[in-house]
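I have placed the structure first, in the form of structure tokens, so that the comments after it can refer back to it.
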Amino acid sequence: MAQSEQISVFDILKIGVGPSSSHTLGPWRAAQRFVAELEVKTGLSEVVSLQIHLYGSLAKTGKGHGTDTAILLSLIGEDPETMDTDTIFPKAAAISLNKMLFLNGENPIIFDPQTDILFHKQENLPFHPNGMTLTAHLKNSELFSETYYSVGGGFVVKEGEVLNPKEAVNLPYPCGEPKDLLRQCEATGKSIHELVWDNELAWRPFSVIRTGLLTIWDEMVQCAYRGCHTSGELPGGLNVTRRAPLMHQNLSGVADYHNPEEWLTAIMQGDHDFQQVLRWVSCFAIAVNEENASFGRVVTAPTNGAAGVIPAVLLYYLCFVQKEIDEEKAIQFLLIAGEIGSYYKKGATISAAMGGCQAEIGVSSSMAAAALTECMGGTVEQALMAAEIAMEHHLGMTCDPVGGLVQIPCIERNSMGAMKAITASHLALQSDPSKAKVTLDDVIKTMWETAQDMNAKYKETSEGGLATNIPVSLPEC
Ligand code: SF4
């Protein structure tokens with residue numbers, strides 16, 4: 001088998017900060033790389049000033065997606081995985097007010113975000129719509145400049161660099177496409193999660209995989225919990241009221257709990273009819289994405305705009321199907337979801353700037369559908385069928401965020417993506433996959449062709465669709 005791109009589950013599921021993996025997390029990581037390279041090249045004390053140029057989709061929706069804020073935090077040495085998210089706005093505001101920052105937390109430079117972050121809305125760099133160039137002016141009058149591309153899901157590529165430059169490992173079961181996964185599972189008798197686990201061991205030891213996946217699971221629960229208990233308006237100027245707290249209050253009533261673990265126990269203790277389960281799934285998805293829209297900590301899965309789908313479906317499974325918070329099942333679910341996401345990254349795209357919302361919500365729904373199906377006892381074929389069904393009914397979905405913010409239609413779309421994943425899974429569990437006419441391989445190929453045919457205004461530019469039909473008056477970027 002030809003060597004295919006190697007993508008770990010931990011590349012697809014990452015802890016970060018909202019609202020966007022490609023416009024917040026990616027630029028954050030790109031600026032971190034630039035500062036690290038600058039330190040090696042010249043030392044940060046040699047820097048006099050910096051300019052950041054944003055192009056294409058990053059320029060068009062960067063303000064609403066927090067690209068400028070992410071870059072500021074990155075330049076001062078903050079990390080999206082660990083920083084206190086309550087300090088995001090105060091720290092960014094302080095830089096704007098003082099017109100200076102401490103590069104990597106130590107080296108003072110003059111920096112005015114108004115004039116030193118430039119949004120080139122009418123220009124695209126050649127490789128990808130999400131391009132950014134960072135330039136440092138040095139004391140010796142020389143310039144140090146690098147260009148990066150945020151290619152979706154928080155992945156970053158430097159100009160001239162190959163995609164996924166990390167060192168190749170010897171995977172016991174290399175799979176470039178879903179059909180490889182099916183063949184390897186048939187040959188070994190392994191389920192998807194068993195095979196993916198064995199591959200993950202090529203990158204990191206057992207305990208690190210387990211701890212890493214449980215940390216991701218914990219972050220998902222914490223995020224849903226925060227979203228269900230935080231009221232008010234979302235930032236950005238659209239004046240969108242958070243809906244999850246009221247939905248949650250109507251569902252949970254007077255349940256008594258004091259932390260996320262007790263909360264989940266209280267949810268499971270209730271009697272839930274079909275309508276209530278539907279409402280809980282929406283509530284989980286919306287809670288996560290309201291947190292995402294508020295620059296909260298989320299798990300990118302496979303993007304931030306779609307971060308609510310996987311937690312909502314996983315919580316559906318554990319709370320209402322399994323009726324038990326089983327860590328082993330959560331691990332299995334995340335392994336399968338991450339593996340399915342990797343096939344879209346390899347064979348199509350997980351970037352809305354390349355493929356519209358089918359590449360975000362469609363992919364997350366497909367990931368969740370496969371994971372739910374295997375966890376509910378489905379075969380490998382049924383899990384892949386569920387993934388196919390979920391994507392088949394997201395094909396062509398455009399990205400048209402109102403005001404360039406990850407709020408409308410994004411937040412509700414997570415609830416819809418979760419519902420489609422659950423429906424796809426139940427359909428597959430009642431079907432004979434050998435009779436299916438469309439494979440997951442076919443639908444990934446179709447999704448990529450649809451992405452290439454899609455009008456550019458529907459690719460995270462806010463120049464078409466709902467973004468132009470819903471009048472808003474937001475500050476110009
Ligand atoms: S419309 Fe979809 S792809 Fe576009 S920003 Fe919103 S969630 Fe992301």
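Please note that chains go A, B, ... in the order of the structure tokens, that every chain numbers its residues from 1, and that ligands are numbered from 1 in the order shown.
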Would you mind listing what lies within 12 Å of Pro471 (chain A) as a PDB file with all heavy atoms, in the first residue's frame, with only C-alpha atoms counted and same-chain residues fewer than 2 positions away left out?
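selection_33.pdb was written with the following content:
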```pdb
ATOM      1  N   LEU A 238     -23.740  41.008  17.571  1.00  0.00           N
ATOM      2  CA  LEU A 238     -25.024  40.554  17.019  1.00  0.00           C
ATOM      3  C   LEU A 238     -26.120  40.525  18.084  1.00  0.00           C
ATOM      4  O   LEU A 238     -27.286  40.334  17.769  1.00  0.00           O
ATOM      5  CB  LEU A 238     -24.899  39.137  16.435  1.00  0.00           C
ATOM      6  CG  LEU A 238     -24.381  38.975  15.010  1.00  0.00           C
ATOM      7  CD1 LEU A 238     -24.397  37.497  14.615  1.00  0.00           C
ATOM      8  CD2 LEU A 238     -25.225  39.766  14.025  1.00  0.00           C
ATOM      9  N   VAL A 402     -23.287  34.903   9.615  1.00  0.00           N
ATOM     10  CA  VAL A 402     -23.783  36.282   9.685  1.00  0.00           C
ATOM     11  C   VAL A 402     -22.799  37.149  10.482  1.00  0.00           C
ATOM     12  O   VAL A 402     -22.404  36.793  11.594  1.00  0.00           O
ATOM     13  CB  VAL A 402     -25.186  36.314  10.339  1.00  0.00           C
ATOM     14  CG1 VAL A 402     -25.654  37.749  10.554  1.00  0.00           C
ATOM     15  CG2 VAL A 402     -26.174  35.533   9.482  1.00  0.00           C
ATOM     16  N   GLY A 403     -22.419  38.268   9.893  1.00  0.00           N
ATOM     17  CA  GLY A 403     -21.496  39.180  10.553  1.00  0.00           C
ATOM     18  C   GLY A 403     -20.098  38.602  10.711  1.00  0.00           C
ATOM     19  O   GLY A 403     -19.293  39.148  11.464  1.00  0.00           O
ATOM     20  N   SER A 462     -18.497  35.260   4.300  1.00  0.00           N
ATOM     21  CA  SER A 462     -19.628  36.110   4.698  1.00  0.00           C
ATOM     22  C   SER A 462     -20.034  37.045   3.561  1.00  0.00           C
ATOM     23  O   SER A 462     -20.508  38.153   3.793  1.00  0.00           O
ATOM     24  CB  SER A 462     -19.308  36.910   5.972  1.00  0.00           C
ATOM     25  OG  SER A 462     -19.267  36.054   7.074  1.00  0.00           O
ATOM     26  N   GLY A 465     -25.321  34.106   0.949  1.00  0.00           N
ATOM     27  CA  GLY A 465     -26.244  33.360   1.813  1.00  0.00           C
ATOM     28  C   GLY A 465     -26.814  34.205   2.928  1.00  0.00           C
ATOM     29  O   GLY A 465     -27.101  35.388   2.775  1.00  0.00           O
ATOM     30  N   LEU A 466     -26.970  33.585   4.101  1.00  0.00           N
ATOM     31  CA  LEU A 466     -27.542  34.285   5.245  1.00  0.00           C
ATOM     32  C   LEU A 466     -26.749  35.549   5.578  1.00  0.00           C
ATOM     33  O   LEU A 466     -27.317  36.556   5.993  1.00  0.00           O
ATOM     34  CB  LEU A 466     -27.541  33.360   6.474  1.00  0.00           C
ATOM     35  CG  LEU A 466     -28.597  32.264   6.520  1.00  0.00           C
ATOM     36  CD1 LEU A 466     -28.350  31.355   7.714  1.00  0.00           C
ATOM     37  CD2 LEU A 466     -29.992  32.854   6.593  1.00  0.00           C
ATOM     38  N   ALA A 467     -25.450  35.476   5.369  1.00  0.00           N
ATOM     39  CA  ALA A 467     -24.595  36.611   5.743  1.00  0.00           C
ATOM     40  C   ALA A 467     -24.985  37.883   5.001  1.00  0.00           C
ATOM     41  O   ALA A 467     -24.787  38.983   5.525  1.00  0.00           O
ATOM     42  CB  ALA A 467     -23.131  36.263   5.473  1.00  0.00           C
ATOM     43  N   THR A 468     -25.541  37.748   3.791  1.00  0.00           N
ATOM     44  CA  THR A 468     -25.919  38.961   3.059  1.00  0.00           C
ATOM     45  C   THR A 468     -27.412  39.266   3.185  1.00  0.00           C
ATOM     46  O   THR A 468     -27.837  40.372   2.864  1.00  0.00           O
ATOM     47  CB  THR A 468     -25.545  38.839   1.564  1.00  0.00           C
ATOM     48  OG1 THR A 468     -26.030  37.603   1.060  1.00  0.00           O
ATOM     49  CG2 THR A 468     -24.045  38.900   1.367  1.00  0.00           C
ATOM     50  N   ASN A 469     -28.191  38.287   3.620  1.00  0.00           N
ATOM     51  CA  ASN A 469     -29.631  38.522   3.721  1.00  0.00           C
ATOM     52  C   ASN A 469     -30.091  38.965   5.105  1.00  0.00           C
ATOM     53  O   ASN A 469     -31.226  39.383   5.284  1.00  0.00           O
ATOM     54  CB  ASN A 469     -30.396  37.261   3.301  1.00  0.00           C
ATOM     55  CG  ASN A 469     -30.387  37.108   1.801  1.00  0.00           C
ATOM     56  OD1 ASN A 469     -30.518  38.082   1.080  1.00  0.00           O
ATOM     57  ND2 ASN A 469     -30.206  35.898   1.321  1.00  0.00           N
ATOM     58  N   SER A 473     -25.142  45.444  11.584  1.00  0.00           N
ATOM     59  CA  SER A 473     -24.196  46.554  11.516  1.00  0.00           C
ATOM     60  C   SER A 473     -23.148  46.321  12.588  1.00  0.00           C
ATOM     61  O   SER A 473     -23.368  46.525  13.774  1.00  0.00           O
ATOM     62  CB  SER A 473     -24.995  47.831  11.704  1.00  0.00           C
ATOM     63  OG  SER A 473     -24.406  48.663  12.545  1.00  0.00           O
ATOM     64  N   LEU A 474     -22.014  45.803  12.123  1.00  0.00           N
ATOM     65  CA  LEU A 474     -20.916  45.500  13.027  1.00  0.00           C
ATOM     66  C   LEU A 474     -19.730  46.388  12.682  1.00  0.00           C
ATOM     67  O   LEU A 474     -19.636  46.900  11.569  1.00  0.00           O
ATOM     68  CB  LEU A 474     -20.489  44.030  12.876  1.00  0.00           C
ATOM     69  CG  LEU A 474     -21.548  42.991  13.225  1.00  0.00           C
ATOM     70  CD1 LEU A 474     -21.020  41.600  12.941  1.00  0.00           C
ATOM     71  CD2 LEU A 474     -21.954  43.095  14.664  1.00  0.00           C
TER      72      LEU A 474
END
```
As JSON, numbers by chain, please: every protein or nucleic acid residue near ligand 1 (cut-off 6 Å, counting only C-alpha atoms and all ligand atoms). {"A": [305, 306, 352, 356, 357, 360, 399, 400, 401, 406, 409, 410, 460]}
Dump of N, CA and C atoms for the selected residues, as a compact mmCIF listing (two decimals), in the first residue's frame:
```txt
# COMPACT_ATOMS: atom_id res chain seq x y z
N GLY A 305 -16.10 25.45 14.94
CA GLY A 305 -17.48 25.77 14.58
C GLY A 305 -18.38 24.56 14.72
N ALA A 306 -17.79 23.36 14.60
CA ALA A 306 -18.55 22.11 14.70
C ALA A 306 -18.25 21.37 16.00
N ALA A 352 -13.68 25.08 6.08
CA ALA A 352 -14.85 25.72 5.46
C ALA A 352 -14.42 26.71 4.39
N GLY A 356 -16.83 24.93 2.43
CA GLY A 356 -18.12 25.29 3.03
C GLY A 356 -18.39 24.49 4.29
N CYS A 357 -19.62 24.59 4.77
CA CYS A 357 -19.97 23.99 6.07
C CYS A 357 -20.05 22.46 6.01
N GLU A 360 -17.27 21.14 7.79
CA GLU A 360 -17.22 21.28 9.26
C GLU A 360 -18.32 20.44 9.92
N CYS A 399 -21.09 27.73 3.82
CA CYS A 399 -20.66 28.46 5.02
C CYS A 399 -20.96 29.94 4.79
N ASP A 400 -21.88 30.49 5.58
CA ASP A 400 -22.31 31.88 5.37
C ASP A 400 -22.57 32.57 6.71
N PRO A 401 -21.57 32.61 7.59
CA PRO A 401 -21.82 33.12 8.94
C PRO A 401 -22.18 34.60 8.96
N VAL A 406 -19.12 33.25 14.51
CA VAL A 406 -19.45 31.82 14.52
C VAL A 406 -20.68 31.61 15.41
N PRO A 409 -25.38 30.76 11.15
CA PRO A 409 -26.21 29.66 11.60
C PRO A 409 -25.46 28.62 12.43
N CYS A 410 -24.22 28.92 12.77
CA CYS A 410 -23.30 27.89 13.27
C CYS A 410 -23.79 27.13 14.52
N GLU A 460 -16.77 30.57 3.78
CA GLU A 460 -16.30 31.33 4.96
C GLU A 460 -15.84 32.74 4.60
```
Counting only C-alpha atoms, give me one row per residue of region 11-68 of chain A with an atom at most 10 Å from an atom of region 119-125 of chain A, showing the shortest contact pair and its distance in Å to one decimal, sorted by chain then residue number, as CSV.
```
residue,atom,partner,partner_atom,distance
A:Ile52,CA,A:Phe119,CA,8.7
A:His53,CA,A:Phe119,CA,6.2
A:Leu54,CA,A:Phe119,CA,5.0
A:Tyr55,CA,A:His120,CA,5.0
A:Gly56,CA,A:Asn124,CA,4.6
A:Ser57,CA,A:Lys121,CA,7.5
A:Leu58,CA,A:Phe119,CA,7.8
A:Ala59,CA,A:Phe119,CA,4.6
A:Lys60,CA,A:Lys121,CA,5.3
A:Thr61,CA,A:Lys121,CA,9.0
A:Gly62,CA,A:Phe119,CA,8.1
A:Lys63,CA,A:Phe119,CA,9.0
A:Asp68,CA,A:Phe119,CA,9.6
```
When you look at region 272-279 of chain A with a cut-off of 9 Å (counting only C-alpha atoms), what residues show up, excluding the ones that are within fewer than 4 positions of it in the same chain? I need them as a list in words. Met247, His248, Leu251, Met268, Cys283, Phe284, Tyr316, Phe320 and Met419 of chain A
For the residues in the current selection, export all heavy atoms as a PDB file, in the first residue's frame.
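Wrote out-v7.pdb, looks like this:
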```pdb
ATOM      1  N   MET A 247     -32.919  26.362  28.022  1.00  0.00           N
ATOM      2  CA  MET A 247     -33.265  25.004  27.587  1.00  0.00           C
ATOM      3  C   MET A 247     -32.933  24.018  28.701  1.00  0.00           C
ATOM      4  O   MET A 247     -33.700  23.114  29.021  1.00  0.00           O
ATOM      5  CB  MET A 247     -32.452  24.625  26.327  1.00  0.00           C
ATOM      6  CG  MET A 247     -32.816  25.402  25.079  1.00  0.00           C
ATOM      7  SD  MET A 247     -31.634  25.109  23.745  1.00  0.00           S
ATOM      8  CE  MET A 247     -32.140  23.495  23.197  1.00  0.00           C
ATOM      9  N   HIS A 248     -31.754  24.227  29.286  1.00  0.00           N
ATOM     10  CA  HIS A 248     -31.298  23.325  30.339  1.00  0.00           C
ATOM     11  C   HIS A 248     -32.189  23.393  31.574  1.00  0.00           C
ATOM     12  O   HIS A 248     -32.569  22.372  32.152  1.00  0.00           O
ATOM     13  CB  HIS A 248     -29.851  23.667  30.693  1.00  0.00           C
ATOM     14  CG  HIS A 248     -29.318  22.831  31.797  1.00  0.00           C
ATOM     15  ND1 HIS A 248     -29.290  23.257  33.107  1.00  0.00           N
ATOM     16  CD2 HIS A 248     -28.847  21.569  31.801  1.00  0.00           C
ATOM     17  CE1 HIS A 248     -28.800  22.290  33.859  1.00  0.00           C
ATOM     18  NE2 HIS A 248     -28.521  21.260  33.102  1.00  0.00           N
ATOM     19  N   LEU A 251     -35.326  21.544  31.122  1.00  0.00           N
ATOM     20  CA  LEU A 251     -35.152  20.088  31.106  1.00  0.00           C
ATOM     21  C   LEU A 251     -34.805  19.520  32.469  1.00  0.00           C
ATOM     22  O   LEU A 251     -35.263  18.441  32.841  1.00  0.00           O
ATOM     23  CB  LEU A 251     -34.029  19.718  30.114  1.00  0.00           C
ATOM     24  CG  LEU A 251     -34.409  19.798  28.635  1.00  0.00           C
ATOM     25  CD1 LEU A 251     -33.157  19.825  27.769  1.00  0.00           C
ATOM     26  CD2 LEU A 251     -35.287  18.614  28.258  1.00  0.00           C
ATOM     27  N   MET A 268     -29.085  11.392  34.073  1.00  0.00           N
ATOM     28  CA  MET A 268     -29.393   9.973  33.801  1.00  0.00           C
ATOM     29  C   MET A 268     -30.519   9.445  34.672  1.00  0.00           C
ATOM     30  O   MET A 268     -31.193   8.485  34.312  1.00  0.00           O
ATOM     31  CB  MET A 268     -28.128   9.122  33.993  1.00  0.00           C
ATOM     32  CG  MET A 268     -27.138   9.290  32.855  1.00  0.00           C
ATOM     33  SD  MET A 268     -25.729   8.217  33.012  1.00  0.00           S
ATOM     34  CE  MET A 268     -24.887   8.882  34.411  1.00  0.00           C
ATOM     35  N   CYS A 283     -29.639  20.749  23.436  1.00  0.00           N
ATOM     36  CA  CYS A 283     -29.118  21.560  24.544  1.00  0.00           C
ATOM     37  C   CYS A 283     -27.607  21.364  24.693  1.00  0.00           C
ATOM     38  O   CYS A 283     -26.846  22.334  24.808  1.00  0.00           O
ATOM     39  CB  CYS A 283     -29.854  21.167  25.832  1.00  0.00           C
ATOM     40  SG  CYS A 283     -29.322  22.055  27.278  1.00  0.00           S
ATOM     41  N   PHE A 284     -27.146  20.118  24.658  1.00  0.00           N
ATOM     42  CA  PHE A 284     -25.694  19.847  24.766  1.00  0.00           C
ATOM     43  C   PHE A 284     -24.936  20.541  23.628  1.00  0.00           C
ATOM     44  O   PHE A 284     -23.913  21.201  23.847  1.00  0.00           O
ATOM     45  CB  PHE A 284     -25.415  18.334  24.677  1.00  0.00           C
ATOM     46  CG  PHE A 284     -25.944  17.512  25.828  1.00  0.00           C
ATOM     47  CD1 PHE A 284     -26.491  16.241  25.604  1.00  0.00           C
ATOM     48  CD2 PHE A 284     -25.868  17.977  27.134  1.00  0.00           C
ATOM     49  CE1 PHE A 284     -26.960  15.459  26.653  1.00  0.00           C
ATOM     50  CE2 PHE A 284     -26.338  17.203  28.203  1.00  0.00           C
ATOM     51  CZ  PHE A 284     -26.892  15.952  27.948  1.00  0.00           C
ATOM     52  N   TYR A 316     -25.408  11.888  24.405  1.00  0.00           N
ATOM     53  CA  TYR A 316     -26.652  11.161  24.095  1.00  0.00           C
ATOM     54  C   TYR A 316     -26.450   9.677  24.363  1.00  0.00           C
ATOM     55  O   TYR A 316     -27.261   9.010  25.021  1.00  0.00           O
ATOM     56  CB  TYR A 316     -27.033  11.401  22.617  1.00  0.00           C
ATOM     57  CG  TYR A 316     -27.936  10.335  22.032  1.00  0.00           C
ATOM     58  CD1 TYR A 316     -29.308  10.316  22.298  1.00  0.00           C
ATOM     59  CD2 TYR A 316     -27.413   9.320  21.216  1.00  0.00           C
ATOM     60  CE1 TYR A 316     -30.136   9.332  21.759  1.00  0.00           C
ATOM     61  CE2 TYR A 316     -28.227   8.334  20.685  1.00  0.00           C
ATOM     62  CZ  TYR A 316     -29.588   8.329  20.964  1.00  0.00           C
ATOM     63  OH  TYR A 316     -30.395   7.350  20.440  1.00  0.00           O
ATOM     64  N   PHE A 320     -28.365   8.444  27.653  1.00  0.00           N
ATOM     65  CA  PHE A 320     -29.707   7.951  27.305  1.00  0.00           C
ATOM     66  C   PHE A 320     -29.729   6.556  26.694  1.00  0.00           C
ATOM     67  O   PHE A 320     -30.783   5.930  26.639  1.00  0.00           O
ATOM     68  CB  PHE A 320     -30.397   8.949  26.355  1.00  0.00           C
ATOM     69  CG  PHE A 320     -30.436  10.340  26.907  1.00  0.00           C
ATOM     70  CD1 PHE A 320     -29.799  11.381  26.247  1.00  0.00           C
ATOM     71  CD2 PHE A 320     -31.079  10.613  28.101  1.00  0.00           C
ATOM     72  CE1 PHE A 320     -29.810  12.668  26.769  1.00  0.00           C
ATOM     73  CE2 PHE A 320     -31.106  11.891  28.634  1.00  0.00           C
ATOM     74  CZ  PHE A 320     -30.460  12.925  27.961  1.00  0.00           C
ATOM     75  N   MET A 419     -28.220  15.565  15.450  1.00  0.00           N
ATOM     76  CA  MET A 419     -29.446  14.803  15.151  1.00  0.00           C
ATOM     77  C   MET A 419     -29.256  13.924  13.920  1.00  0.00           C
ATOM     78  O   MET A 419     -29.708  12.776  13.883  1.00  0.00           O
ATOM     79  CB  MET A 419     -30.616  15.755  14.897  1.00  0.00           C
ATOM     80  CG  MET A 419     -31.035  16.542  16.096  1.00  0.00           C
ATOM     81  SD  MET A 419     -31.519  15.489  17.474  1.00  0.00           S
ATOM     82  CE  MET A 419     -32.066  16.748  18.616  1.00  0.00           C
TER      83      MET A 419
END
```
Please identify all polymer residues within 7 Å of Cys223 (chain A), counting only C-alpha atoms, omitting same-chain residues fewer than 2 positions from it, and present them as a ChimeraX atom specification. /A:219-221,225-227,288,291,297-298
Given the choices A:Thr87, A:Thr439, A:Gln51, A:Thr24, which gets closest to Thr69 (chain A) if the distance is worked out from only C-alpha atoms?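 Under the stated criterion, the closest residue is A:Thr24.
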Find the residue from A:Arg183, A:Arg242, A:Lys435, A:Arg413 that sits nearest to Leu195 (chain A); use only C-alpha atoms when measuring.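 When distances to Leu195 (chain A) are compared using only C-alpha atoms, the smallest one comes from A:Arg183.
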Within 10 Å of region 32-36 of chain A, which residues of region 103-183 of chain A show up? Give each one with its shortest atom-to-atom distance in Å (one decimal) and the two atoms involved, counting only C-alpha atoms, rows by chain then rising residue number, as JSON lines.
```
{"residue": "A:Leu103", "atom": "CA", "partner": "A:Val35", "partner_atom": "CA", "distance": 8.0}
{"residue": "A:Asn104", "atom": "CA", "partner": "A:Val35", "partner_atom": "CA", "distance": 7.4}
{"residue": "A:Thr133", "atom": "CA", "partner": "A:Phe34", "partner_atom": "CA", "distance": 9.6}
{"residue": "A:Leu134", "atom": "CA", "partner": "A:Phe34", "partner_atom": "CA", "distance": 7.3}
{"residue": "A:Thr135", "atom": "CA", "partner": "A:Phe34", "partner_atom": "CA", "distance": 9.1}
{"residue": "A:Ala136", "atom": "CA", "partner": "A:Phe34", "partner_atom": "CA", "distance": 9.5}
{"residue": "A:Phe144", "atom": "CA", "partner": "A:Phe34", "partner_atom": "CA", "distance": 9.6}
{"residue": "A:Ser145", "atom": "CA", "partner": "A:Phe34", "partner_atom": "CA", "distance": 8.6}
{"residue": "A:Glu146", "atom": "CA", "partner": "A:Phe34", "partner_atom": "CA", "distance": 7.1}
{"residue": "A:Thr147", "atom": "CA", "partner": "A:Phe34", "partner_atom": "CA", "distance": 8.9}
{"residue": "A:Tyr148", "atom": "CA", "partner": "A:Phe34", "partner_atom": "CA", "distance": 8.9}
{"residue": "A:Val156", "atom": "CA", "partner": "A:Arg33", "partner_atom": "CA", "distance": 9.4}
{"residue": "A:Lys158", "atom": "CA", "partner": "A:Arg33", "partner_atom": "CA", "distance": 9.2}
```
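The two atoms in question, CA of Tyr149 (chain A) and CA of Glu290 (chain A), are spaced 26.6 Å apart.
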Atom pair CA of Pro27 (chain A) / CA of Met132 (chain A): separation (Å):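 CA of Met132 (chain A) lies at a distance of 7.8 Å from CA of Pro27 (chain A).
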Out of A:Glu374, A:Glu262, A:Glu194, A:Asp11, which residue has the shortest atom-to-atom distance to Gly153 (chain A) when counting only C-alpha atoms?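 Checking each of A:Glu374, A:Glu262, A:Glu194, A:Asp11 against Gly153 (chain A), counting only C-alpha atoms, the winner is A:Asp11.
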